[in-house]
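Enquirer: Below you will find the structure I want to go over with you.
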Amino acid sequence: MRGSSVKKSLLILGRYKIKIVLAFLCAIGSSVMNVIIPNIVGGLADIIKAGLGTGIDFDVLWKNTAICVAVVLTGFTFSFIREFITATVSQTMTRDLRIQLSDKLERLSIPDIDSHSVGDLISRATEDISSFSRAFATNVGDIIANSILIIGSFAVMIYYSPLLAILVIFSVVLGIVVNRILAAKATPRYKRQRTELGKLNVIIEENLSGFMVAKSFNSEEDVVADFRTRNEAVYDCSFKANVFSALMMPVMVFFGNLSYVVVVFGGSLMMTSGRFGITFGTITAFILYVRMFSGPLSKIAKSISQMQPAFAASARLFEIFEETEIDDKGKTELEEVKGEVRFEHVRFGYVPGRPVIHDFSAVVSPGMKVAIVGPTGAGKTTMVNLLMRFYDPDNGQILIDNVPLGDISRKSLHRALGMVLQDTWVFTSTIRDNLIFSTEGITDERLEEVLDETGLSHMLSTPPEGVDTKITEQDGLSAGQIQMITIARAMLKNPQILILDEATSSVDTRTELLIQKAIDSLVKGRTSFVIAHRLSTIVNADLILVMKDGDVVETGKHEDLLLRGGLYADIYNSQFDDSSEDTESANE
């Protein structure tokens, strides 16, 4: 898993290869300058030591010092450019990955989206992408630059003293081996940390969205207990992962310091013996090269430890990127939709082996108003989901104007369909933007007409901005007002086939009558499917389909179904009796 994630991560970095190559060249330049500096400093040390008895040659000293300053400034310039490019790549990658993830989510099917919680997807889109981009863009550059320093400094150490260089390498290799063991321990724990963090986000999202429910049921203590349990799980895996990761840097520092001891002790013995050509300046330069050798190793160890959560984050991102997208092989474009809809022996279940719709068949002529009624769980909303092609039937087919849904492009299908759900949805923008959402060519006159029909004109008469009032969570719009906006949105879309799933469930009786009148006007000449629990709203339907346990058990008009005395009559009479009892109670 980790190797696959690393390979795919490097492929993402390949998109920015020009900038990365430029940063790589700057890293080489910076590293070369850093390799040269100890050699110059060692030469300065020999000049000063030699001049202590006979007098210092200041011309040579100032010349070498000037060269050293020039090299330092050049190295600084290269380092600045590299860091600037790295920061640019990091932010660009974060932006591009979020766009890519957003586009990917839009291309996934409803079942694929439903398989992930909202909190988990938010975690992947924010924290995982940031962790991945920051770690790879920054640390990969650091690893390259530090690797060059290691190679350069090691080559110079071999040149000065192969024996002393081997002693240094031996102590450093021990640190590398220990760090690899620590990295192997940290990586799986970082993966679990990301997973647990996504679950924690789910708890937070649910607690915030269900805040009023928790208050009304006095369940604050239970909510807090659930949060603490999940938070403790995040803490547990994060603590263990960070412990192993945090040990990596001290280990390399320890073995790096051990290298200094080896150089000073071994170099002193070699210099006093006079057989190895070691001078005081050589030892001075060697100490700097050891620092240059062990320091980058420590930084590489730190970079690798910081990349452990990035590996885990990339694995979670690629889980989304590699999911199968919506199969939209349909090429047929619905030009002039008549509105005939046929269900032919449709069978469907959300879970394999557990069908919700067993054998549904129906023919709906153009312009008919079809009501779908039945007890909870009968499959009413499922039929609408199939018609919208949010899901595909397991068996059978659905046709619009004799064209199977699978042959129709999804964009063309959704242009022909308008839908109002009982679960209302608006986004943070103006009421105007919410009304004309994805619908072009809406004039102000048509907008005012729809506002009058739905009763929204009265609601918008209070705020000075009117239809340009911005909707936010703090605006305090009622559920009924939001539902009125979604109904008006569907009316503005002016679809040939209209779907209303409990479209008036959140409004009062007076508003319901007003909206029902507007809906009756809207559905004229259009095929419409109305799911309703209040049977009083569909008594004028051209066809009523009564569903129970995924099957159509009765069909007909309101009067005919009442005369049969079946399930429809039972549901209708129970609602009528309830209404009568409520009225009598109110009178008392």
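Letters A, B, ... go to the chains of the structure tokens in the order shown; residues in each chain start at 1; ligands are counted from 1 in the same order.
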Do you know which residues are at most 7 Å from segment 76-80 of chain A counting only C-alpha atoms, after dropping those on the same chain fewer than 5 positions away, and could you put them as an MDAnalysis selection string?
Expert: chainID A and resid 26:27 29:30
Enquirer: If you run DSSP on this backbone, which residues of segment 264-345 of chain A come out as alpha helix (DSSP H), and could you give them as a ChimeraX atom specification?
Expert: /A:264-273,280-321
Enquirer: Report as a Markdown table: every residue of segment 96-209 of chain A with an atom at most 10 Å from segment 272-280 of chain A, its closest pair of atoms, and their distance in Å to one decimal, counting only C-alpha atoms, with rows sorted by chain and ascending residue number.
Expert:
| residue | atom | partner | partner_atom | distance |
| --- | --- | --- | --- | --- |
| A:Tyr160 | CA | A:Ile278 | CA | 8.1 |
| A:Ser161 | CA | A:Phe276 | CA | 7.9 |
| A:Leu163 | CA | A:Phe276 | CA | 9.6 |
Enquirer: Could you name the residues that touch segment 181-189 of chain A at 10 Å or less, counting only C-alpha atoms, but leaving out those on the same chain fewer than 6 positions away, as a list in words?
Expert: Arg2, Thr195, Asp236, Cys237, Ser238, Phe239, Lys240, Ala241, Asn242, Val243, Phe244, Ser245, Ala246, Leu247, Met248, Val251, Ala301, Ile304, Ser305, Met307, Gln308, Pro309, Ala310, Phe311 and Ala312 of chain A
Enquirer: Which polymer residues have any atom within 8 Å of an atom of segment 341-343 of chain A, counting only C-alpha atoms, with same-chain residues fewer than 3 positions away left out, as an MDAnalysis selection string?
Expert: chainID A and resid 346 360:366 396:402
Enquirer: Got time to write the residues from that selection, N, CA and C atoms, as an mmCIF file, in the first residue's frame?
Expert:
data_model
loop_
_atom_site.group_PDB
_atom_site.id
_atom_site.type_symbol
_atom_site.label_atom_id
_atom_site.label_comp_id
_atom_site.auth_asym_id
_atom_site.auth_seq_id
_atom_site.Cartn_x
_atom_site.Cartn_y
_atom_site.Cartn_z
ATOM 1 N N VAL A 346 -39.597 -3.407 -13.044
ATOM 2 C CA VAL A 346 -38.428 -2.860 -12.353
ATOM 3 C C VAL A 346 -38.232 -3.582 -11.017
ATOM 4 N N PHE A 360 -42.138 -3.724 -10.383
ATOM 5 C CA PHE A 360 -42.935 -2.520 -10.583
ATOM 6 C C PHE A 360 -43.118 -2.278 -12.072
ATOM 7 N N SER A 361 -44.365 -2.143 -12.479
ATOM 8 C CA SER A 361 -44.679 -1.829 -13.870
ATOM 9 C C SER A 361 -45.777 -0.779 -13.901
ATOM 10 N N ALA A 362 -45.634 0.179 -14.768
ATOM 11 C CA ALA A 362 -46.644 1.235 -14.911
ATOM 12 C C ALA A 362 -46.386 1.983 -16.206
ATOM 13 N N VAL A 363 -47.462 2.508 -16.790
ATOM 14 C CA VAL A 363 -47.356 3.324 -18.002
ATOM 15 C C VAL A 363 -47.985 4.678 -17.698
ATOM 16 N N VAL A 364 -47.218 5.739 -17.893
ATOM 17 C CA VAL A 364 -47.680 7.095 -17.617
ATOM 18 C C VAL A 364 -47.694 7.864 -18.932
ATOM 19 N N SER A 365 -48.873 8.291 -19.338
ATOM 20 C CA SER A 365 -49.007 9.015 -20.596
ATOM 21 C C SER A 365 -48.544 10.460 -20.427
ATOM 22 N N PRO A 366 -48.175 11.116 -21.518
ATOM 23 C CA PRO A 366 -47.725 12.507 -21.421
ATOM 24 C C PRO A 366 -48.800 13.403 -20.811
ATOM 25 N N GLY A 396 -35.170 -5.143 -15.175
ATOM 26 C CA GLY A 396 -36.172 -4.304 -15.803
ATOM 27 C C GLY A 396 -35.583 -2.998 -16.294
ATOM 28 N N GLN A 397 -36.463 -2.119 -16.784
ATOM 29 C CA GLN A 397 -35.990 -0.842 -17.299
ATOM 30 C C GLN A 397 -37.062 0.224 -17.197
ATOM 31 N N ILE A 398 -36.588 1.471 -17.278
ATOM 32 C CA ILE A 398 -37.468 2.638 -17.282
ATOM 33 C C ILE A 398 -37.229 3.376 -18.593
ATOM 34 N N LEU A 399 -38.306 3.789 -19.255
ATOM 35 C CA LEU A 399 -38.190 4.460 -20.546
ATOM 36 C C LEU A 399 -38.898 5.801 -20.512
ATOM 37 N N ILE A 400 -38.298 6.783 -21.157
ATOM 38 C CA ILE A 400 -38.927 8.087 -21.373
ATOM 39 C C ILE A 400 -39.072 8.285 -22.869
ATOM 40 N N ASP A 401 -40.307 8.453 -23.321
ATOM 41 C CA ASP A 401 -40.582 8.572 -24.761
ATOM 42 C C ASP A 401 -39.973 7.407 -25.527
ATOM 43 N N ASN A 402 -40.123 6.189 -24.962
ATOM 44 C CA ASN A 402 -39.654 4.930 -25.561
ATOM 45 C C ASN A 402 -38.130 4.818 -25.629
#
Enquirer: Given the choices A:Gly267, A:Ile150, A:His116, A:Glu449, which gets closest to Leu167 of chain A if the distance is worked out from only C-alpha atoms?
Expert: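 Of A:Gly267, A:Ile150, A:His116, A:Glu449, the one nearest Leu167 of chain A, counting only C-alpha atoms, is A:Gly267.
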